[in-house]
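Student: Data: coords.cif, mmCIF, C-alpha atoms.
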data_entry
loop_
_atom_site.label_atom_id
_atom_site.label_comp_id
_atom_site.auth_asym_id
_atom_site.auth_seq_id
_atom_site.Cartn_x
_atom_site.Cartn_y
_atom_site.Cartn_z
CA MET G 1 14.75 13.57 5.44
CA GLY G 2 14.91 14.56 1.81
CA MET G 3 11.48 13.64 0.45
CA GLY G 4 11.45 14.98 -3.08
CA GLY G 5 9.35 17.95 -2.01
CA VAL G 6 7.10 16.14 0.47
CA ALA G 7 7.45 17.45 4.03
CA GLY G 8 6.67 15.31 7.05
CA GLY G 9 6.27 17.72 9.93
CA GLY G 10 3.44 17.82 12.40
CA ILE G 11 3.27 14.22 13.62
CA GLY G 12 5.51 12.06 15.76
CA LEU G 13 5.20 8.38 14.99
CA ILE G 14 7.07 7.16 18.07
CA ALA G 15 4.44 4.68 19.13
CA VAL G 16 6.20 1.54 18.05
CA ALA G 17 6.15 0.63 21.73
CA LEU G 18 2.55 -0.46 22.00
CA ALA G 19 1.63 0.85 25.42
CA GLY G 20 -0.25 -2.14 26.78
CA TYR G 21 2.46 -4.54 25.74
CA PHE G 22 5.23 -2.60 27.40
CA LEU G 23 3.47 -1.68 30.63
CA PHE G 24 2.17 -5.14 31.40
CA GLY G 25 4.76 -7.34 29.71
CA ILE G 26 2.15 -9.16 27.62
CA ASN G 27 3.36 -10.75 24.42
CA PRO G 28 1.95 -8.73 21.48
CA LEU G 29 1.26 -11.84 19.41
CA THR G 30 -0.80 -13.24 22.26
CA ILE G 31 -2.86 -10.07 22.34
CA LEU G 32 -3.39 -10.27 18.59
CA ASP G 33 -4.58 -13.85 18.89
CA VAL G 34 -7.04 -12.92 21.64
CA GLY G 35 -8.12 -9.78 19.80
CA ASN G 36 -8.96 -11.81 16.75
CA GLN G 37 -11.76 -13.44 18.73
CA VAL G 38 -13.34 -10.09 19.59
CA ILE G 39 -16.02 -8.77 17.26
CA PRO G 40 -15.66 -5.01 16.63
CA THR G 41 -18.75 -3.01 17.58
CA THR G 42 -18.61 0.80 17.35
CA GLN G 43 -15.39 1.34 15.43
CA GLU G 44 -15.12 3.75 12.53
CA PRO G 45 -13.82 2.24 9.29
CA GLY G 46 -10.23 3.12 8.47
CA ARG G 47 -9.19 4.94 5.33
CA ALA G 48 -6.95 3.03 2.94
CA GLY G 49 -5.11 4.52 0.00
CA THR G 50 -3.07 7.69 -0.47
CA PRO G 51 -3.99 10.37 2.11
CA GLY G 52 -4.47 13.90 0.85
CA ASP G 53 -3.07 15.90 3.75
CA GLN G 54 0.61 16.68 4.35
CA ALA G 55 1.14 14.31 7.27
CA GLY G 56 -0.62 11.47 5.49
CA ALA G 57 1.33 12.12 2.30
CA PHE G 58 4.58 11.81 4.25
CA ILE G 59 3.53 8.45 5.64
CA ASP G 60 2.49 7.25 2.21
CA THR G 61 5.85 8.31 0.77
CA ILE G 62 7.72 6.31 3.39
CA VAL G 63 5.59 3.21 2.80
CA SER G 64 6.18 3.55 -0.96
CA SER G 65 9.92 3.84 -0.34
CA THR G 66 9.94 0.68 1.76
CA THR G 67 8.13 -1.07 -1.08
CA ASP G 68 10.87 -0.06 -3.51
CA VAL G 69 13.56 -1.40 -1.16
CA TRP G 70 11.90 -4.67 -0.17
CA SER G 71 10.79 -5.47 -3.72
CA ASN G 72 14.48 -5.90 -4.47
CA GLU G 73 14.99 -8.11 -1.42
CA VAL G 74 11.91 -10.36 -1.29
CA SER G 75 10.78 -12.28 -4.34
CA GLY G 76 7.19 -11.47 -5.26
CA TYR G 77 6.97 -8.78 -2.59
CA ARG G 78 3.51 -7.32 -2.11
CA PRO G 79 3.36 -4.22 0.11
CA PRO G 80 1.11 -3.93 3.14
CA THR G 81 -1.95 -1.71 2.97
CA LEU G 82 -1.78 1.49 4.99
CA VAL G 83 -4.95 2.22 6.98
CA LEU G 84 -5.47 5.51 8.83
CA TYR G 85 -8.13 5.62 11.54
CA GLU G 86 -9.28 7.66 14.54
CA GLN G 87 -9.75 6.28 18.05
CA ALA G 88 -10.75 2.72 17.05
CA THR G 89 -11.33 0.55 14.01
CA GLY G 90 -12.10 -3.06 13.23
CA THR G 91 -9.31 -5.31 11.95
CA GLN G 92 -8.95 -9.02 11.36
CA CYS G 93 -6.78 -9.03 14.50
CA GLY G 94 -9.61 -7.59 16.58
CA THR G 95 -10.28 -4.01 17.62
CA GLY G 96 -7.53 -1.55 16.78
CA GLN G 97 -7.38 1.27 19.32
CA ALA G 98 -5.37 4.47 19.51
CA ALA G 99 -3.87 3.32 22.83
CA MET G 100 -2.10 0.53 20.94
CA GLY G 101 -0.11 2.90 18.75
CA PRO G 102 0.85 1.95 15.18
CA PHE G 103 0.59 -1.79 14.62
CA TYR G 104 0.71 -4.42 11.91
CA CYS G 105 -2.02 -7.04 11.66
CA PRO G 106 -0.61 -10.23 10.12
CA LEU G 107 -4.07 -11.62 9.37
CA ASP G 108 -5.07 -8.86 6.94
CA ARG G 109 -1.50 -7.68 6.22
CA GLN G 110 -2.32 -4.05 6.95
CA ILE G 111 -0.58 -1.33 8.97
CA TYR G 112 -2.91 0.71 11.17
CA LEU G 113 -2.10 4.28 12.18
CA ASP G 114 -4.00 6.78 14.34
CA LEU G 115 -2.63 10.25 13.62
CA GLN G 116 -4.17 11.93 16.69
CA PHE G 117 -2.41 9.44 18.93
CA PHE G 118 0.86 10.15 17.17
CA GLU G 119 0.56 13.85 17.88
CA GLN G 120 0.21 13.11 21.57
CA LEU G 121 3.15 10.73 21.67
CA SER G 122 5.46 13.07 19.81
CA THR G 123 5.65 15.25 22.91
CA ARG G 124 5.44 12.50 25.54
CA PHE G 125 8.38 10.51 24.22
CA GLY G 126 10.56 13.45 23.24
CA ALA G 127 11.81 11.97 19.97
CA PRO G 128 10.71 14.31 17.17
CA GLY G 129 11.98 14.46 13.62
CA ASP G 130 11.19 13.11 10.19
CA PHE G 131 13.44 10.10 10.43
CA ALA G 132 12.13 9.21 13.88
CA GLN G 133 8.69 9.05 12.29
CA ALA G 134 9.94 7.10 9.30
CA TYR G 135 11.74 4.61 11.55
CA VAL G 136 8.48 3.65 13.25
CA ILE G 137 6.71 3.12 9.93
CA ALA G 138 9.63 1.09 8.57
CA HIS G 139 9.56 -1.05 11.74
CA GLU G 140 5.93 -1.97 11.08
CA VAL G 141 6.76 -2.74 7.46
CA GLY G 142 9.51 -4.96 8.87
CA HIS G 143 6.81 -7.04 10.54
CA HIS G 144 5.15 -7.40 7.14
CA VAL G 145 8.41 -8.66 5.69
CA GLN G 146 8.61 -11.19 8.52
CA GLN G 147 5.10 -12.35 7.70
CA LEU G 148 5.94 -12.82 4.02
CA LEU G 149 9.14 -14.72 4.83
CA GLY G 150 7.39 -16.99 7.31
CA THR G 151 9.43 -15.76 10.28
CA ALA G 152 6.42 -14.48 12.18
CA GLU G 153 4.57 -17.79 11.84
CA GLN G 154 7.63 -19.73 13.02
CA VAL G 155 7.81 -17.50 16.10
CA ARG G 156 4.10 -17.97 16.84
CA ARG G 157 4.51 -21.74 16.71
CA ALA G 158 7.60 -21.65 18.90
CA GLN G 159 5.83 -19.43 21.42
CA GLY G 160 2.95 -21.87 21.55
CA GLN G 161 5.41 -24.61 22.45
CA ALA G 162 7.31 -22.49 24.98
CA GLY G 163 6.95 -23.82 28.47
CA ARG G 164 7.34 -20.48 30.21
CA ASN G 165 6.54 -16.83 29.59
CA ALA G 166 10.19 -15.77 29.69
CA GLU G 167 10.98 -17.93 26.64
CA ALA G 168 7.95 -16.63 24.74
CA ASN G 169 9.01 -13.08 25.56
CA ARG G 170 12.57 -13.79 24.41
CA LEU G 171 11.22 -14.83 21.03
CA SER G 172 9.05 -11.72 20.89
CA VAL G 173 12.09 -9.53 21.62
CA ALA G 174 14.04 -11.20 18.80
CA LEU G 175 11.13 -10.61 16.41
CA GLU G 176 10.85 -6.94 17.35
CA LEU G 177 14.59 -6.32 17.17
CA GLN G 178 14.67 -7.88 13.74
CA ALA G 179 11.95 -5.44 12.64
CA ASP G 180 14.17 -2.63 13.98
CA CYS G 181 17.08 -4.03 11.99
CA TYR G 182 14.93 -4.21 8.87
CA ALA G 183 14.08 -0.53 9.39
CA GLY G 184 17.81 0.17 9.36
CA VAL G 185 18.25 -1.80 6.13
CA TRP G 186 15.53 0.31 4.52
CA ALA G 187 17.12 3.56 5.74
CA SER G 188 20.50 2.59 4.31
CA ARG G 189 19.12 1.76 0.86
CA ALA G 190 16.29 4.25 0.39
CA ALA G 191 18.43 6.88 -1.33
CA ALA G 192 19.99 4.50 -3.86
CA VAL G 193 16.68 2.87 -4.77
CA SER G 194 14.87 6.22 -5.13
CA GLY G 195 17.65 8.00 -6.98
CA GLY G 196 18.05 10.35 -4.04
CA ALA G 197 14.37 11.32 -3.79
CA VAL G 198 14.12 9.74 -0.32
CA ALA G 199 17.35 10.22 1.58
CA LEU G 200 18.65 10.86 5.07
CA ASP G 201 19.75 14.37 5.95
CA PRO G 202 22.54 15.09 8.45
CA GLY G 203 21.36 14.15 11.93
CA ASP G 204 18.54 11.89 10.74
CA LEU G 205 20.17 8.67 11.88
CA GLU G 206 20.64 10.08 15.38
CA GLU G 207 16.92 10.98 15.41
CA GLY G 208 16.10 7.36 14.72
CA LEU G 209 18.49 6.09 17.35
CA ARG G 210 16.94 8.44 19.93
CA ALA G 211 13.51 7.16 18.96
CA ALA G 212 14.65 3.55 19.33
CA SER G 213 15.97 4.33 22.82
CA ALA G 214 12.77 6.16 23.77
CA VAL G 215 10.66 3.07 23.09
CA GLY G 216 12.94 0.53 24.77
CA ASP G 217 11.19 -1.72 27.27
CA ASP G 218 13.46 -0.64 30.09
CA THR G 219 12.92 3.05 29.35
CA LEU G 220 9.15 2.73 29.33
CA GLN G 221 8.98 0.44 32.35
CA GLN G 222 11.16 2.81 34.37
CA GLN G 223 8.93 5.73 33.42
CA SER G 224 5.65 3.95 34.12
CA LEU G 225 6.48 1.47 36.89
CA GLY G 226 9.57 3.00 38.46
CA ARG G 227 11.45 -0.27 37.95
CA VAL G 228 12.65 -2.58 35.21
CA VAL G 229 11.51 -6.20 34.78
CA PRO G 230 13.74 -7.78 32.10
CA ASP G 231 11.81 -11.09 31.95
CA SER G 232 8.72 -9.16 30.85
CA PHE G 233 10.45 -7.44 27.92
CA THR G 234 8.64 -7.98 24.62
CA HIS G 235 10.40 -5.46 22.34
CA GLY G 236 13.93 -5.13 23.72
CA SER G 237 15.89 -2.67 25.81
CA ALA G 238 16.82 0.82 24.65
CA GLU G 239 20.38 -0.32 24.00
CA GLN G 240 19.24 -3.36 22.02
CA ARG G 241 16.86 -1.36 19.87
CA ARG G 242 19.55 1.20 19.05
CA GLU G 243 22.04 -1.56 18.33
CA TRP G 244 19.86 -3.46 15.87
CA LEU G 245 18.64 -0.37 14.05
CA LEU G 246 22.29 0.56 13.58
CA ARG G 247 23.26 -2.99 12.55
CA GLY G 248 20.68 -2.93 9.78
CA TYR G 249 21.80 0.50 8.64
CA ARG G 250 25.47 -0.46 8.53
CA GLY G 251 24.91 -3.94 7.13
CA GLN G 252 22.55 -2.72 4.38
CA ASP G 253 21.22 -6.25 4.00
CA ALA G 254 18.59 -8.41 5.69
CA ARG G 255 21.28 -11.01 6.37
CA ALA G 256 22.66 -8.64 8.99
CA CYS G 257 19.45 -9.07 10.98
CA ASP G 258 19.76 -12.53 12.55
CA THR G 259 18.45 -11.50 15.96
CA PHE G 260 17.38 -15.06 16.72
CA GLY G 261 20.89 -16.43 16.34
CA ALA G 262 22.26 -13.61 18.47
CA ALA G 263 19.71 -14.33 21.21
CA ARG G 264 20.75 -17.98 21.62
#
Using structure tokens, write down the structure from this file.
Tutor:
Amino acid sequence: MGMGGVAGGGIGLIAVALAGYFLFGINPLTILDVGNQVIPTTQEPGRAGTPGDQAGAFIDTIVSSTTDVWSNEVSGYRPPTLVLYEQATGTQCGTGQAAMGPFYCPLDRQIYLDLQFFEQLSTRFGAPGDFAQAYVIAHEVGHHVQQLLGTAEQVRRAQGQAGRNAEANRLSVALELQADCYAGVWASRAAAVSGGAVALDPGDLEEGLRAASAVGDDTLQQQSLGRVVPDSFTHGSAEQRREWLLRGYRGQDARACDTFGAAR
């Protein structure tokens, strides 16, 4: 990606598939609710603010770019806080651990990133590239947008009323695919909003689509379990994640991201 002089090499942020959620089919919002009841013990405090190293500066640039885009879309938009940590840290959603990958905590409205974990996943998932990294960050920012718009709370209430796990998982998939779509909206508008300072280079979109496929529920379940269990999906299949990232990119507007209507 063109970053106005800021390079983003060295890390692979392809951890949008939070490992525990995918492998065991547990709804991520359920885990957050349970985690909120756990008191952190030996975690190191995360570091908020603008990081000084190259990798951290790249992440900060992407978050700033998403702020520019969503400030034009959401009235009174306030960006999430970026928190970098190592191994584990306390959050208002419970203990944040590297094994969870990048995640957004709706209770404190912060995005948590462990850079060492990203380095490991960049080789395991085989989806390198600047835009692949940016896609994952923009997906987490998409969850923040959902929180501000009230979508996330509506889904939590609906999941609490769901009579079976399959329905709760269906709602989770719609929420995650919408965050993918929002990442596509950001990607399509970043250049115009930044005056070209943050822009996609040739091949960047395909990097993002490969990343979306790499973290599909079916892809990860096949790799880890040797089989696919659609009823346990919480984030969507590889095909769905590619589709909705592309829908957002082509639609260039949040109105293109009605994953809940499409899931009915």
Student: Counting all atoms listed in the file, which residues in region 81-172 of chain G sit no more than 12 Å from region 237-249 of chain G? For each one, give the nearest pair of atoms and the distance in Å, sorted by chain then residue number, as a Markdown table.
Tutor:
| residue | atom | partner | partner_atom | distance |
| --- | --- | --- | --- | --- |
| G:Ala132 | CA | G:Leu245 | CA | 11.6 |
| G:Tyr135 | CA | G:Leu245 | CA | 8.9 |
| G:Val136 | CA | G:Leu245 | CA | 11.0 |
| G:Ala138 | CA | G:Leu245 | CA | 10.6 |
| G:His139 | CA | G:Leu245 | CA | 9.4 |
| G:Gly142 | CA | G:Gly248 | CA | 11.4 |
| G:Arg170 | CA | G:Ser237 | CA | 11.7 |
Student: Can those selected residues be exported to a file as a PDB file, in the coordinates of the input so that it contains C-alpha atoms?
Tutor:
ATOM      1  CA  ALA G 132      12.130   9.210  13.880  1.00  0.00           C
ATOM      2  CA  TYR G 135      11.740   4.610  11.550  1.00  0.00           C
ATOM      3  CA  VAL G 136       8.480   3.650  13.250  1.00  0.00           C
ATOM      4  CA  ALA G 138       9.630   1.090   8.570  1.00  0.00           C
ATOM      5  CA  HIS G 139       9.560  -1.050  11.740  1.00  0.00           C
ATOM      6  CA  GLY G 142       9.510  -4.960   8.870  1.00  0.00           C
ATOM      7  CA  ARG G 170      12.570 -13.790  24.410  1.00  0.00           C
TER       8      ARG G 170
END
Student: Find, counting only C-alpha atoms, the residue in G:Ser213, G:Gln147, G:Thr219, G:Thr81 that gets nearest to Pro106 (chain G).
Tutor: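 Result for the nearest residue to Pro106 (chain G): G:Gln147.
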Student: Tell me which residues the PyMOL selection byres ((chain G and resi 198-208) around 9) grabs here, as a ChimeraX atom specification.
Tutor: /G:1-4,61-62,65,127-136,187-197,209-213,242,245-246,249
Student: Next, write the just-selected residues to a file, as a PDB file, keeping the file's coordinate frame, keeping C-alpha atoms as the atom set.
Tutor:
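The resulting out-v6.pdb:
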ATOM      1  CA  MET G   1      14.750  13.570   5.440  1.00  0.00           C
ATOM      2  CA  GLY G   2      14.910  14.560   1.810  1.00  0.00           C
ATOM      3  CA  MET G   3      11.480  13.640   0.450  1.00  0.00           C
ATOM      4  CA  GLY G   4      11.450  14.980  -3.080  1.00  0.00           C
ATOM      5  CA  THR G  61       5.850   8.310   0.770  1.00  0.00           C
ATOM      6  CA  ILE G  62       7.720   6.310   3.390  1.00  0.00           C
ATOM      7  CA  SER G  65       9.920   3.840  -0.340  1.00  0.00           C
ATOM      8  CA  ALA G 127      11.810  11.970  19.970  1.00  0.00           C
ATOM      9  CA  PRO G 128      10.710  14.310  17.170  1.00  0.00           C
ATOM     10  CA  GLY G 129      11.980  14.460  13.620  1.00  0.00           C
ATOM     11  CA  ASP G 130      11.190  13.110  10.190  1.00  0.00           C
ATOM     12  CA  PHE G 131      13.440  10.100  10.430  1.00  0.00           C
ATOM     13  CA  ALA G 132      12.130   9.210  13.880  1.00  0.00           C
ATOM     14  CA  GLN G 133       8.690   9.050  12.290  1.00  0.00           C
ATOM     15  CA  ALA G 134       9.940   7.100   9.300  1.00  0.00           C
ATOM     16  CA  TYR G 135      11.740   4.610  11.550  1.00  0.00           C
ATOM     17  CA  VAL G 136       8.480   3.650  13.250  1.00  0.00           C
ATOM     18  CA  ALA G 187      17.120   3.560   5.740  1.00  0.00           C
ATOM     19  CA  SER G 188      20.500   2.590   4.310  1.00  0.00           C
ATOM     20  CA  ARG G 189      19.120   1.760   0.860  1.00  0.00           C
ATOM     21  CA  ALA G 190      16.290   4.250   0.390  1.00  0.00           C
ATOM     22  CA  ALA G 191      18.430   6.880  -1.330  1.00  0.00           C
ATOM     23  CA  ALA G 192      19.990   4.500  -3.860  1.00  0.00           C
ATOM     24  CA  VAL G 193      16.680   2.870  -4.770  1.00  0.00           C
ATOM     25  CA  SER G 194      14.870   6.220  -5.130  1.00  0.00           C
ATOM     26  CA  GLY G 195      17.650   8.000  -6.980  1.00  0.00           C
ATOM     27  CA  GLY G 196      18.050  10.350  -4.040  1.00  0.00           C
ATOM     28  CA  ALA G 197      14.370  11.320  -3.790  1.00  0.00           C
ATOM     29  CA  LEU G 209      18.490   6.090  17.350  1.00  0.00           C
ATOM     30  CA  ARG G 210      16.940   8.440  19.930  1.00  0.00           C
ATOM     31  CA  ALA G 211      13.510   7.160  18.960  1.00  0.00           C
ATOM     32  CA  ALA G 212      14.650   3.550  19.330  1.00  0.00           C
ATOM     33  CA  SER G 213      15.970   4.330  22.820  1.00  0.00           C
ATOM     34  CA  ARG G 242      19.550   1.200  19.050  1.00  0.00           C
ATOM     35  CA  LEU G 245      18.640  -0.370  14.050  1.00  0.00           C
ATOM     36  CA  LEU G 246      22.290   0.560  13.580  1.00  0.00           C
ATOM     37  CA  TYR G 249      21.800   0.500   8.640  1.00  0.00           C
TER      38      TYR G 249
END
Student: List the neighbours of Val74 (chain G) out to 12 Å using only C-alpha atoms; skip same-chain residues closer than 2 positions along the sequence, and give me the result as a list in words.
Tutor: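 Returned residues: Thr66, Thr67, Asp68, Val69, Trp70, Ser71, Asn72, Gly76, Tyr77, Arg78, Pro79, Gly142, His144, Val145, Gln146, Gln147, Leu148, Leu149, Gly150, Asp253 and Ala254 of chain G.
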Student: Work out how far CA of His143 (chain G) is from CA of Thr91 (chain G), in Å to one decimal.
Tutor: 16.3 Å
Student: Could you expand the PyMOL selection byres ((chain G and resi 220-235) around 6) into the explicit residues it covers here, written as a ChimeraX atom specification?
Tutor: /G:25,27,166,169,172-173,176,217-219,236
Student: How big is the axis-aligned box, and where does its centre sit, when it encloses all atoms of region 168-182 of chain G listed in the file and has 4 Å added on every side, reported in Å to one decimal as JSON?
Tutor:
{"center_x": 12.5, "center_y": -9.6, "center_z": 17.2, "size_x": 17.1, "size_y": 22.0, "size_z": 24.7}
Student: Which is closest to Val83 (chain G) among G:Ile59, G:Leu113, G:Ala98, G:Cys181, if we use all atoms listed in the file?
Tutor: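 Ranking G:Ile59, G:Leu113, G:Ala98, G:Cys181 by distance to Val83 (chain G), first place goes to G:Leu113.
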